[in-house]
$ cat target-v4.cif   # mmCIF, C-alpha atoms
data_work
loop_
_atom_site.label_atom_id
_atom_site.label_comp_id
_atom_site.auth_asym_id
_atom_site.auth_seq_id
_atom_site.Cartn_x
_atom_site.Cartn_y
_atom_site.Cartn_z
CA MET A 120 -18.07 31.26 -4.58
CA GLU A 121 -16.35 28.93 -2.17
CA ILE A 122 -17.54 25.33 -2.18
CA LYS A 123 -16.60 23.18 0.80
CA VAL A 124 -15.65 19.75 -0.46
CA MET A 125 -13.80 17.76 2.26
CA LYS A 126 -13.61 14.67 0.07
CA ASN A 127 -10.83 12.14 0.13
CA ILE A 128 -9.30 12.02 -3.31
CA LEU A 129 -9.07 8.23 -3.15
CA ASP A 130 -12.80 7.86 -2.34
CA ALA A 131 -13.66 6.19 -5.64
CA ASN A 132 -11.02 3.52 -5.10
CA ASN A 133 -11.88 3.10 -1.43
CA SER A 134 -15.56 2.45 -2.06
CA LEU A 135 -14.76 -0.16 -4.71
CA ALA A 136 -12.30 -1.73 -2.26
CA GLU A 137 -15.05 -2.02 0.33
CA LYS A 138 -17.17 -3.94 -2.20
CA ASN A 139 -14.27 -6.32 -2.83
CA ARG A 140 -13.81 -6.71 0.93
CA SER A 141 -17.47 -7.74 1.37
CA PHE A 142 -17.17 -10.19 -1.52
CA PHE A 143 -14.16 -11.86 0.13
CA LYS A 144 -15.70 -11.79 3.59
CA ASP A 145 -19.00 -13.32 2.47
CA ARG A 146 -17.09 -16.24 0.99
CA LYS A 147 -14.56 -16.51 3.81
CA ILE A 148 -11.77 -15.88 1.32
CA THR A 149 -8.47 -14.69 2.77
CA ALA A 150 -7.28 -12.05 0.29
CA ILE A 151 -3.61 -11.22 0.76
CA ASN A 152 -2.09 -8.10 -0.78
CA VAL A 153 1.58 -9.02 -1.26
CA MET A 154 3.78 -5.93 -1.46
CA ALA A 155 7.55 -5.46 -1.73
CA SER A 156 10.29 -3.91 -3.84
CA PRO A 157 11.02 -5.46 -7.22
CA GLY A 158 13.12 -8.55 -6.66
CA ALA A 159 12.42 -8.97 -2.94
CA GLY A 160 10.89 -12.37 -3.60
CA LYS A 161 7.13 -11.87 -3.81
CA THR A 162 6.57 -14.58 -6.39
CA SER A 163 9.09 -16.91 -4.71
CA ILE A 164 7.28 -16.59 -1.36
CA ILE A 165 3.92 -17.27 -3.02
CA LEU A 166 5.36 -20.32 -4.81
CA LYS A 167 6.83 -21.62 -1.55
CA ILE A 168 3.53 -21.20 0.28
CA ILE A 169 1.69 -22.96 -2.56
CA GLU A 170 4.17 -25.85 -2.26
CA ALA A 171 3.56 -26.03 1.48
CA LEU A 172 -0.23 -25.54 1.55
CA GLY A 173 -1.49 -26.29 -1.96
CA ASN A 174 -2.99 -29.63 -0.98
CA ASP A 175 -4.67 -28.35 2.19
CA ILE A 176 -6.47 -25.28 0.99
CA GLY A 177 -7.69 -23.74 -2.28
CA ILE A 178 -5.29 -21.10 -3.56
CA SER A 179 -5.55 -18.71 -6.48
CA VAL A 180 -3.32 -15.83 -7.52
CA ILE A 181 -3.63 -12.41 -9.14
CA GLU A 182 -0.31 -11.26 -10.57
CA GLY A 183 0.27 -7.56 -11.02
CA ASP A 184 3.12 -6.32 -13.16
CA ILE A 185 3.79 -3.39 -15.42
CA ALA A 186 4.44 -5.82 -18.26
CA SER A 187 4.98 -9.53 -19.02
CA SER A 188 3.41 -12.77 -17.80
CA ILE A 189 6.64 -14.22 -16.37
CA ASP A 190 5.24 -14.53 -12.83
CA ALA A 191 1.82 -15.82 -13.88
CA ASP A 192 3.52 -18.51 -15.99
CA LYS A 193 5.39 -19.75 -12.91
CA ILE A 194 2.16 -20.01 -10.89
CA ASP A 195 0.36 -21.62 -13.82
CA GLY A 196 3.16 -24.19 -13.97
CA LEU A 197 2.02 -25.45 -10.57
CA GLY A 198 -1.56 -25.85 -11.80
CA ILE A 199 -2.81 -22.97 -9.64
CA PRO A 200 -5.53 -20.67 -11.10
CA VAL A 201 -3.92 -17.33 -11.95
CA VAL A 202 -4.82 -14.06 -13.66
CA GLN A 203 -2.13 -11.66 -14.87
CA ILE A 204 -2.84 -7.94 -14.70
CA ASN A 205 -0.52 -5.74 -16.75
CA THR A 206 -0.78 -2.15 -15.58
CA GLY A 207 1.03 -0.85 -18.68
CA GLY A 208 3.17 1.58 -16.70
CA GLY A 209 0.92 2.02 -13.67
CA CYS A 210 2.87 1.79 -10.40
CA HIS A 211 0.22 -0.01 -8.32
CA LEU A 212 -2.89 -2.17 -8.53
CA ASP A 213 -6.25 -0.60 -7.69
CA ALA A 214 -9.57 -1.95 -6.46
CA ASN A 215 -11.17 -1.84 -9.90
CA MET A 216 -8.48 -4.09 -11.40
CA ILE A 217 -9.00 -6.58 -8.58
CA LYS A 218 -12.76 -6.67 -9.15
CA ALA A 219 -12.21 -7.58 -12.82
CA ALA A 220 -9.59 -10.21 -11.99
CA VAL A 221 -11.75 -11.80 -9.30
CA ASP A 222 -14.69 -12.00 -11.73
CA ASP A 223 -12.36 -13.99 -13.99
CA LEU A 224 -10.85 -16.19 -11.30
CA ARG A 225 -13.99 -17.03 -9.32
CA PRO A 226 -12.13 -18.08 -6.17
CA GLY A 227 -13.84 -20.74 -4.06
CA HIS A 228 -15.21 -20.36 -0.54
CA ASP A 229 -12.69 -20.71 2.32
CA SER A 230 -9.78 -20.23 -0.05
CA ILE A 231 -6.71 -18.01 -0.12
CA ILE A 232 -6.14 -15.50 -2.90
CA PHE A 233 -2.73 -13.93 -3.26
CA ILE A 234 -2.68 -10.53 -4.95
CA GLU A 235 0.90 -9.85 -5.98
CA ASN A 236 1.15 -6.09 -6.30
CA VAL A 237 3.51 -4.19 -8.58
CA GLY A 238 7.04 -4.19 -7.13
CA ASN A 239 7.13 -0.85 -5.33
CA LEU A 240 7.29 0.18 -1.66
CA VAL A 241 5.50 3.50 -2.19
CA CYS A 242 2.28 3.60 -4.21
CA PRO A 243 0.67 0.24 -3.44
CA SER A 244 0.39 1.26 0.22
CA SER A 245 -2.03 4.06 -0.71
CA PHE A 246 -4.49 1.95 -2.68
CA ASP A 247 -6.83 -0.27 -0.72
CA LEU A 248 -7.74 -3.34 -2.77
CA GLY A 249 -10.25 -4.75 -0.30
CA GLU A 250 -7.73 -7.28 0.99
CA GLY A 251 -8.01 -8.84 4.42
CA MET A 252 -4.27 -9.00 4.97
CA ARG A 253 -1.29 -6.93 3.88
CA MET A 254 1.86 -8.98 3.54
CA VAL A 255 5.02 -6.90 3.21
CA ILE A 256 8.27 -8.55 2.19
CA ALA A 257 11.67 -6.98 2.75
CA SER A 258 14.79 -8.75 1.61
CA VAL A 259 18.25 -8.64 3.15
CA PRO A 260 20.13 -7.20 0.11
CA GLU A 261 17.82 -4.15 0.08
CA GLY A 262 19.35 -3.06 3.39
CA HIS A 263 18.06 -2.59 6.92
CA ASP A 264 16.86 0.98 6.43
CA LYS A 265 13.67 0.21 4.50
CA PRO A 266 11.20 0.74 7.39
CA TYR A 267 12.69 4.19 8.00
CA LYS A 268 12.15 5.19 4.38
CA TYR A 269 8.83 3.55 3.49
CA ILE A 270 6.77 4.38 6.54
CA SER A 271 3.22 3.77 5.26
CA MET A 272 4.17 0.42 3.79
CA PHE A 273 5.60 -1.02 7.01
CA GLU A 274 3.08 0.68 9.27
CA GLY A 275 0.17 -0.86 7.38
CA ALA A 276 1.53 -4.42 7.25
CA ASP A 277 -0.37 -7.28 8.91
CA VAL A 278 2.57 -9.60 8.46
CA VAL A 279 6.19 -8.84 7.56
CA ILE A 280 8.61 -11.27 5.96
CA LEU A 281 12.35 -10.78 5.87
CA ASN A 282 13.50 -12.84 2.89
CA LYS A 283 16.95 -14.01 1.70
CA THR A 284 18.22 -14.42 5.26
CA ASP A 285 20.81 -16.90 3.95
CA LEU A 286 22.67 -13.82 2.64
CA ILE A 287 23.08 -12.17 6.06
CA PRO A 288 26.69 -13.43 6.54
CA TYR A 289 27.73 -11.79 3.26
CA ILE A 290 25.99 -8.43 3.57
CA ASP A 291 26.15 -5.53 6.05
CA PHE A 292 22.58 -6.00 7.17
CA ASP A 293 22.00 -4.55 10.64
CA SER A 294 19.15 -6.74 11.91
CA GLU A 295 18.75 -4.71 15.10
CA SER A 296 18.24 -1.49 13.16
CA PHE A 297 15.69 -3.21 10.91
CA TYR A 298 13.71 -4.56 13.89
CA LYS A 299 13.84 -1.22 15.67
CA GLY A 300 12.54 0.66 12.63
CA LEU A 301 9.84 -1.91 12.00
CA ARG A 302 8.65 -1.99 15.61
CA SER A 303 8.55 1.81 15.85
CA LEU A 304 5.97 1.73 13.10
CA ASN A 305 4.25 -1.53 13.69
CA GLU A 306 4.22 -3.36 17.00
CA LYS A 307 1.75 -6.08 16.08
CA ALA A 308 2.62 -7.61 12.72
CA PRO A 309 4.38 -10.94 13.15
CA LEU A 310 7.80 -11.05 11.51
CA PHE A 311 9.00 -14.19 9.71
CA GLU A 312 12.58 -14.66 8.67
CA VAL A 313 12.68 -16.77 5.55
CA SER A 314 15.05 -17.91 2.86
CA CYS A 315 13.22 -19.08 -0.24
CA ARG A 316 16.53 -20.43 -1.50
CA THR A 317 17.24 -22.77 1.42
CA GLY A 318 13.61 -23.14 2.48
CA GLU A 319 14.42 -22.01 6.01
CA GLY A 320 11.47 -20.48 7.84
CA VAL A 321 8.97 -21.33 5.09
CA GLU A 322 7.20 -24.03 7.05
CA GLU A 323 6.62 -21.75 10.02
CA LEU A 324 5.25 -19.01 7.77
CA ALA A 325 2.95 -21.43 5.93
CA LYS A 326 1.63 -22.80 9.21
CA TRP A 327 0.89 -19.33 10.52
CA LEU A 328 -0.85 -18.41 7.28
CA LYS A 329 -3.00 -21.52 7.34
CA ASN A 330 -4.13 -20.68 10.86
CA ALA A 331 -4.73 -17.07 9.90
CA ALA A 332 -6.84 -18.16 6.92
CA SER A 333 -8.99 -20.28 9.20
CA GLY A 334 -9.42 -17.33 11.56
CA LYS A 335 -7.18 -18.65 14.31
CA ASN A 336 -4.57 -15.95 14.68
CA ILE A 337 -5.80 -12.74 13.14
CA MET B 1475 4.68 8.36 -7.75
CA HIS B 1476 1.07 7.65 -8.66
CA GLU B 1477 0.10 11.28 -9.15
CA TYR B 1478 -1.37 10.64 -12.60
CA ALA B 1479 -4.12 8.44 -11.18
CA VAL B 1480 -4.88 10.69 -8.22
CA THR B 1481 -4.85 13.89 -10.25
CA LYS B 1482 -7.46 12.39 -12.58
CA SER B 1483 -9.56 11.56 -9.58
CA LEU B 1484 -9.14 14.98 -7.94
CA ILE B 1485 -10.23 16.74 -11.15
CA SER B 1486 -13.28 14.55 -11.41
CA ILE B 1487 -14.31 15.33 -7.80
CA ALA B 1488 -13.72 19.07 -8.24
CA VAL B 1489 -15.67 19.23 -11.51
CA GLN B 1490 -18.53 17.24 -10.01
CA GLU B 1491 -18.76 19.49 -6.95
CA ALA B 1492 -18.60 22.68 -9.04
CA ARG B 1493 -21.35 21.47 -11.38
CA LYS B 1494 -23.49 20.49 -8.39
CA ALA B 1495 -23.22 24.08 -7.18
CA GLY B 1496 -24.14 25.41 -10.63
CA ALA B 1497 -20.68 26.84 -11.35
CA SER B 1498 -19.10 26.80 -14.79
CA LYS B 1499 -15.47 27.64 -13.97
CA ILE B 1500 -13.16 26.52 -11.19
CA THR B 1501 -10.55 29.11 -10.20
CA ASP B 1502 -8.91 27.52 -7.11
CA ILE B 1503 -8.63 24.04 -5.64
CA LYS B 1504 -7.41 23.74 -2.05
CA LEU B 1505 -5.74 20.42 -1.35
CA VAL B 1506 -4.66 19.08 2.03
CA ILE B 1507 -1.76 16.65 1.71
CA GLY B 1508 -0.03 14.89 4.58
CA ASP B 1509 3.70 14.34 4.38
CA LEU B 1510 3.16 10.56 4.73
CA SER B 1511 0.75 10.41 1.80
CA THR B 1512 3.55 9.85 -0.77
CA ILE B 1513 2.18 12.63 -2.99
CA VAL B 1514 4.51 15.19 -4.59
CA ASP B 1515 2.97 18.63 -5.20
CA GLU B 1516 4.97 19.42 -8.33
CA SER B 1517 3.97 16.17 -9.92
CA VAL B 1518 0.26 16.75 -9.21
CA GLN B 1519 0.63 20.23 -10.72
CA MET B 1520 2.28 18.83 -13.84
CA TYR B 1521 -0.44 16.25 -14.45
CA PHE B 1522 -3.13 18.76 -13.55
CA ASP B 1523 -2.01 21.14 -16.28
CA ILE B 1524 -2.30 18.34 -18.83
CA ILE B 1525 -5.37 16.45 -17.67
CA SER B 1526 -7.54 19.47 -16.82
CA GLU B 1527 -7.43 20.68 -20.43
CA GLY B 1528 -10.93 20.87 -21.85
CA THR B 1529 -12.59 20.74 -18.40
CA ILE B 1530 -14.01 23.56 -16.27
CA ALA B 1531 -11.01 23.08 -13.98
CA ASN B 1532 -8.55 24.14 -16.66
CA GLY B 1533 -6.39 27.03 -15.47
CA ALA B 1534 -7.44 26.67 -11.84
CA ARG B 1535 -4.83 27.45 -9.19
CA LEU B 1536 -3.85 24.48 -7.06
CA ILE B 1537 -3.20 25.44 -3.44
CA PHE B 1538 -1.26 22.81 -1.52
CA LYS B 1539 -1.59 22.73 2.24
CA ARG B 1540 1.03 20.31 3.56
CA VAL B 1541 0.55 18.62 6.93
CA PRO B 1542 3.73 17.41 8.68
CA ALA B 1543 3.76 13.83 9.97
CA GLU B 1544 3.06 13.81 13.69
CA LEU B 1545 4.41 11.07 15.93
CA CYS B 1546 3.50 10.23 19.51
CA CYS B 1547 6.24 9.06 21.86
CA LYS B 1548 5.64 5.54 23.18
CA ALA B 1549 7.35 6.39 26.49
CA CYS B 1550 6.38 9.95 27.45
CA GLY B 1551 3.38 10.62 25.18
CA HIS B 1552 4.88 13.78 23.69
CA ARG B 1553 3.51 14.57 20.23
CA PHE B 1554 6.10 15.86 17.80
CA ASN B 1555 6.70 16.37 14.10
CA LYS B 1556 8.67 13.54 12.58
CA PRO B 1557 12.37 14.43 12.35
CA ARG B 1558 14.02 14.13 8.96
CA GLN B 1559 15.49 10.81 9.97
CA GLY B 1560 14.14 8.17 12.29
CA PHE B 1561 11.38 8.36 14.87
CA THR B 1562 13.20 9.59 18.00
CA CYS B 1563 11.34 11.72 20.56
CA PRO B 1564 13.12 15.07 21.11
CA LEU B 1565 12.20 15.05 24.82
CA CYS B 1566 13.12 11.60 26.07
CA GLY B 1567 14.92 9.84 23.21
CA HIS B 1568 12.46 6.93 23.01
CA TYR B 1569 10.67 6.31 19.71
CA GLY B 1570 7.42 7.79 18.47
CA VAL B 1571 4.68 6.01 16.53
CA PRO B 1572 2.51 7.49 13.74
CA THR B 1573 -0.69 9.21 14.92
CA GLY B 1574 -2.61 9.49 11.66
CA VAL B 1575 -1.75 13.18 11.35
CA GLY B 1576 0.29 13.45 8.15
CA LYS B 1577 -1.71 10.98 6.05
CA GLU B 1578 -4.31 13.48 4.80
CA PHE B 1579 -5.16 13.57 1.15
CA TYR B 1580 -8.36 15.42 0.43
CA ILE B 1581 -9.90 18.42 -1.31
CA GLU B 1582 -10.77 20.98 1.35
CA SER B 1583 -12.63 23.41 -0.87
CA ILE B 1584 -12.83 24.87 -4.33
CA GLU B 1585 -13.39 28.41 -5.52
CA ALA B 1586 -15.70 28.55 -8.52
CA GLU B 1587 -17.77 31.02 -10.47
#
$ encode --input "target-v4.cif" --output "structure tokens"
Amino acid sequence: MEIKVMKNILDANNSLAEKNRSFFKDRKITAINVMASPGAGKTSIILKIIEALGNDIGISVIEGDIASSIDADKIDGLGIPVVQINTGGGCHLDANMIKAAVDDLRPGHDSIIFIENVGNLVCPSSFDLGEGMRMVIASVPEGHDKPYKYISMFEGADVVILNKTDLIPYIDFDSESFYKGLRSLNEKAPLFEVSCRTGEGVEELAKWLKNAASGKNI
Amino acid sequence: MHEYAVTKSLISIAVQEARKAGASKITDIKLVIGDLSTIVDESVQMYFDIISEGTIANGARLIFKRVPAELCCKACGHRFNKPRQGFTCPLCGHYGVPTGVGKEFYIESIEAE
């Protein structure tokens, strides 16, 4: 017999993600899913934002990595509450992992929680975590073609950061091609050009994020 | 790239639906997969063969229905399948934006006995 199913295969994850989303919304927590390739500067951006905003607003962090607690140790060094998730080979975080980490962290009302996903421009874009904002970081040395290759990632971004801009003079990075690819997929997400190394652009990003967290610009 | 996780979940949905209908063996599973869904058929098949062992889905035939990514031109409104490279509209040369067609990832139906 034929049985009509018509069920999204990611349904189980999506319904858990909706529960996380309500949890965050009820407490006015801005949950930010930070996604990028390995080495693009996810942890560095989070550290820079903590430096800029840590005294103004409560911040906590969930670190996702296949292995190690290297990133969580850096966050912990700043005295910021952090939980490390090790996926043990898994290429992305899922809603269930976030639920468990949030139960541990107990983020306060009106706070920001950064969820640093596994470094990967493919899989994390398919798994809703219940976040309120998707932050996608591209870095100059990766090349300008990333939006053309990782469509879902750039299309779904609420904010895009181009990191390591201090390297532009040394690398064949075609900014125009990057912008064109990004804007074909995503007209709305603000783009911030940042160098975590020199600190350029960080203040502007932090200011925007603070406003976004208080509901002013998203 | 994350086919292990999704294959587990697709088997669990298929088994649940078959049991609900009183069936004891699944022979076919029809999947609809958009080209933008980042899912590779061969990889799903590989995991399926391993994970379905010991379930009523073991030995079932996976039928993959691929849906090409459709873009809509920002300038002229023409809807077209995404070219291999870039997002350029074949009619006017402007760029197209994703329409949602090509992101499918669901079980359409199963055949069971």
$ resolve_selection --input "target-v4.cif" --expression "the PyMOL selection byres ((chain B) within 8 of (chain A))" --output "ChimeraX atom specification"
/B:1475-1476,1480,1483-1484,1487,1491-1492,1495,1510-1512,1559-1561,1569-1572,1579-1587
$ residues_around --input "target-v4.cif" --residues "Thr162 in chain A" --least-positions-apart "4" --cutoff "12 Å" --atoms "only C-alpha atoms" --output "MDAnalysis selection string"
chainID A and resid 153:158 166:169 180:184 188:195 233:238 256 282 315
$ write_last_selection --input "target-v4.cif" --atoms "C-alpha atoms" --output "mmCIF file, in the coordinates of the input"
data_model
loop_
_atom_site.group_PDB
_atom_site.id
_atom_site.type_symbol
_atom_site.label_atom_id
_atom_site.label_comp_id
_atom_site.auth_asym_id
_atom_site.auth_seq_id
_atom_site.Cartn_x
_atom_site.Cartn_y
_atom_site.Cartn_z
ATOM 1 C CA VAL A 153 1.580 -9.020 -1.260
ATOM 2 C CA MET A 154 3.780 -5.930 -1.460
ATOM 3 C CA ALA A 155 7.550 -5.460 -1.730
ATOM 4 C CA SER A 156 10.290 -3.910 -3.840
ATOM 5 C CA PRO A 157 11.020 -5.460 -7.220
ATOM 6 C CA GLY A 158 13.120 -8.550 -6.660
ATOM 7 C CA LEU A 166 5.360 -20.320 -4.810
ATOM 8 C CA LYS A 167 6.830 -21.620 -1.550
ATOM 9 C CA ILE A 168 3.530 -21.200 0.280
ATOM 10 C CA ILE A 169 1.690 -22.960 -2.560
ATOM 11 C CA VAL A 180 -3.320 -15.830 -7.520
ATOM 12 C CA ILE A 181 -3.630 -12.410 -9.140
ATOM 13 C CA GLU A 182 -0.310 -11.260 -10.570
ATOM 14 C CA GLY A 183 0.270 -7.560 -11.020
ATOM 15 C CA ASP A 184 3.120 -6.320 -13.160
ATOM 16 C CA SER A 188 3.410 -12.770 -17.800
ATOM 17 C CA ILE A 189 6.640 -14.220 -16.370
ATOM 18 C CA ASP A 190 5.240 -14.530 -12.830
ATOM 19 C CA ALA A 191 1.820 -15.820 -13.880
ATOM 20 C CA ASP A 192 3.520 -18.510 -15.990
ATOM 21 C CA LYS A 193 5.390 -19.750 -12.910
ATOM 22 C CA ILE A 194 2.160 -20.010 -10.890
ATOM 23 C CA ASP A 195 0.360 -21.620 -13.820
ATOM 24 C CA PHE A 233 -2.730 -13.930 -3.260
ATOM 25 C CA ILE A 234 -2.680 -10.530 -4.950
ATOM 26 C CA GLU A 235 0.900 -9.850 -5.980
ATOM 27 C CA ASN A 236 1.150 -6.090 -6.300
ATOM 28 C CA VAL A 237 3.510 -4.190 -8.580
ATOM 29 C CA GLY A 238 7.040 -4.190 -7.130
ATOM 30 C CA ILE A 256 8.270 -8.550 2.190
ATOM 31 C CA ASN A 282 13.500 -12.840 2.890
ATOM 32 C CA CYS A 315 13.220 -19.080 -0.240
#
$ atom_distance --input "target-v4.cif" --atom1 "CA of Asp223 in chain A" --atom2 "CA of Ala332 in chain A"
22.0 Å
$ resolve_selection --input "target-v4.cif" --expression "the PyMOL selection byres ((chain B and resi 1554) around 10)" --output "PyMOL selection string"
chain B and resi 1542-1547+1551-1553+1555-1557+1561-1565+1570+1572-1573
$ write_last_selection --input "target-v4.cif" --atoms "C-alpha atoms" --output "PDB file, in the coordinates of the input"
ATOM      1  CA  PRO B1542       3.730  17.410   8.680  1.00  0.00           C
ATOM      2  CA  ALA B1543       3.760  13.830   9.970  1.00  0.00           C
ATOM      3  CA  GLU B1544       3.060  13.810  13.690  1.00  0.00           C
ATOM      4  CA  LEU B1545       4.410  11.070  15.930  1.00  0.00           C
ATOM      5  CA  CYS B1546       3.500  10.230  19.510  1.00  0.00           C
ATOM      6  CA  CYS B1547       6.240   9.060  21.860  1.00  0.00           C
ATOM      7  CA  GLY B1551       3.380  10.620  25.180  1.00  0.00           C
ATOM      8  CA  HIS B1552       4.880  13.780  23.690  1.00  0.00           C
ATOM      9  CA  ARG B1553       3.510  14.570  20.230  1.00  0.00           C
ATOM     10  CA  ASN B1555       6.700  16.370  14.100  1.00  0.00           C
ATOM     11  CA  LYS B1556       8.670  13.540  12.580  1.00  0.00           C
ATOM     12  CA  PRO B1557      12.370  14.430  12.350  1.00  0.00           C
ATOM     13  CA  PHE B1561      11.380   8.360  14.870  1.00  0.00           C
ATOM     14  CA  THR B1562      13.200   9.590  18.000  1.00  0.00           C
ATOM     15  CA  CYS B1563      11.340  11.720  20.560  1.00  0.00           C
ATOM     16  CA  PRO B1564      13.120  15.070  21.110  1.00  0.00           C
ATOM     17  CA  LEU B1565      12.200  15.050  24.820  1.00  0.00           C
ATOM     18  CA  GLY B1570       7.420   7.790  18.470  1.00  0.00           C
ATOM     19  CA  PRO B1572       2.510   7.490  13.740  1.00  0.00           C
ATOM     20  CA  THR B1573      -0.690   9.210  14.920  1.00  0.00           C
TER      21      THR B1573
END
$ resolve_selection --input "target-v4.cif" --expression "the PyMOL selection byres ((chain B and resi 1507) around 7)" --output "PyMOL selection string"
chain B and resi 1505-1506+1508-1509+1511+1538-1541+1578-1580
$ closest_residue --input "target-v4.cif" --among "B:Ala1479, B:Ile1500, B:Cys1566, B:Val1489" --to "Tyr1521 in chain B" --atoms "all atoms listed in the file"
B:Ala1479
$ build_atoms --input "target-v4.cif" --residues "range 232-246 of chain A" --atoms "N, CA and C atoms" --output "mmCIF file, in the frame of the given file"
data_model
loop_
_atom_site.group_PDB
_atom_site.id
_atom_site.type_symbol
_atom_site.label_atom_id
_atom_site.label_comp_id
_atom_site.auth_asym_id
_atom_site.auth_seq_id
_atom_site.Cartn_x
_atom_site.Cartn_y
_atom_site.Cartn_z
ATOM 1 N N ILE A 232 -6.513 -16.110 -1.625
ATOM 2 C CA ILE A 232 -6.140 -15.500 -2.900
ATOM 3 C C ILE A 232 -4.970 -14.553 -2.649
ATOM 4 N N PHE A 233 -3.884 -14.818 -3.336
ATOM 5 C CA PHE A 233 -2.730 -13.930 -3.260
ATOM 6 C C PHE A 233 -2.864 -12.877 -4.351
ATOM 7 N N ILE A 234 -2.694 -11.615 -3.963
ATOM 8 C CA ILE A 234 -2.680 -10.530 -4.950
ATOM 9 C C ILE A 234 -1.266 -9.972 -4.945
ATOM 10 N N GLU A 235 -0.479 -10.354 -5.940
ATOM 11 C CA GLU A 235 0.900 -9.850 -5.980
ATOM 12 C C GLU A 235 0.912 -8.484 -6.628
ATOM 13 N N ASN A 236 1.181 -7.470 -5.807
ATOM 14 C CA ASN A 236 1.150 -6.090 -6.300
ATOM 15 C C ASN A 236 2.373 -5.781 -7.157
ATOM 16 N N VAL A 237 2.361 -4.645 -7.803
ATOM 17 C CA VAL A 237 3.510 -4.190 -8.580
ATOM 18 C C VAL A 237 4.678 -3.953 -7.608
ATOM 19 N N GLY A 238 5.879 -4.359 -8.003
ATOM 20 C CA GLY A 238 7.040 -4.190 -7.130
ATOM 21 C C GLY A 238 7.327 -2.733 -6.864
ATOM 22 N N ASN A 239 7.089 -2.285 -5.619
ATOM 23 C CA ASN A 239 7.130 -0.850 -5.330
ATOM 24 C C ASN A 239 6.783 -0.697 -3.846
ATOM 25 N N LEU A 240 7.588 0.017 -3.089
ATOM 26 C CA LEU A 240 7.290 0.180 -1.660
ATOM 27 C C LEU A 240 6.522 1.476 -1.366
ATOM 28 N N VAL A 241 6.155 2.212 -2.424
ATOM 29 C CA VAL A 241 5.500 3.500 -2.190
ATOM 30 C C VAL A 241 4.002 3.422 -2.502
ATOM 31 N N CYS A 242 3.670 3.420 -3.784
ATOM 32 C CA CYS A 242 2.280 3.600 -4.210
ATOM 33 C C CYS A 242 1.303 2.526 -3.750
ATOM 34 N N PRO A 243 1.662 1.246 -3.811
ATOM 35 C CA PRO A 243 0.670 0.240 -3.440
ATOM 36 C C PRO A 243 0.112 0.441 -2.020
ATOM 37 N N SER A 244 0.883 1.094 -1.149
ATOM 38 C CA SER A 244 0.390 1.260 0.220
ATOM 39 C C SER A 244 -0.777 2.246 0.288
ATOM 40 N N SER A 245 -0.949 3.062 -0.737
ATOM 41 C CA SER A 245 -2.030 4.060 -0.710
ATOM 42 C C SER A 245 -3.338 3.543 -1.281
ATOM 43 N N PHE A 246 -3.294 2.410 -1.975
ATOM 44 C CA PHE A 246 -4.490 1.950 -2.680
ATOM 45 C C PHE A 246 -5.045 0.671 -2.047
#
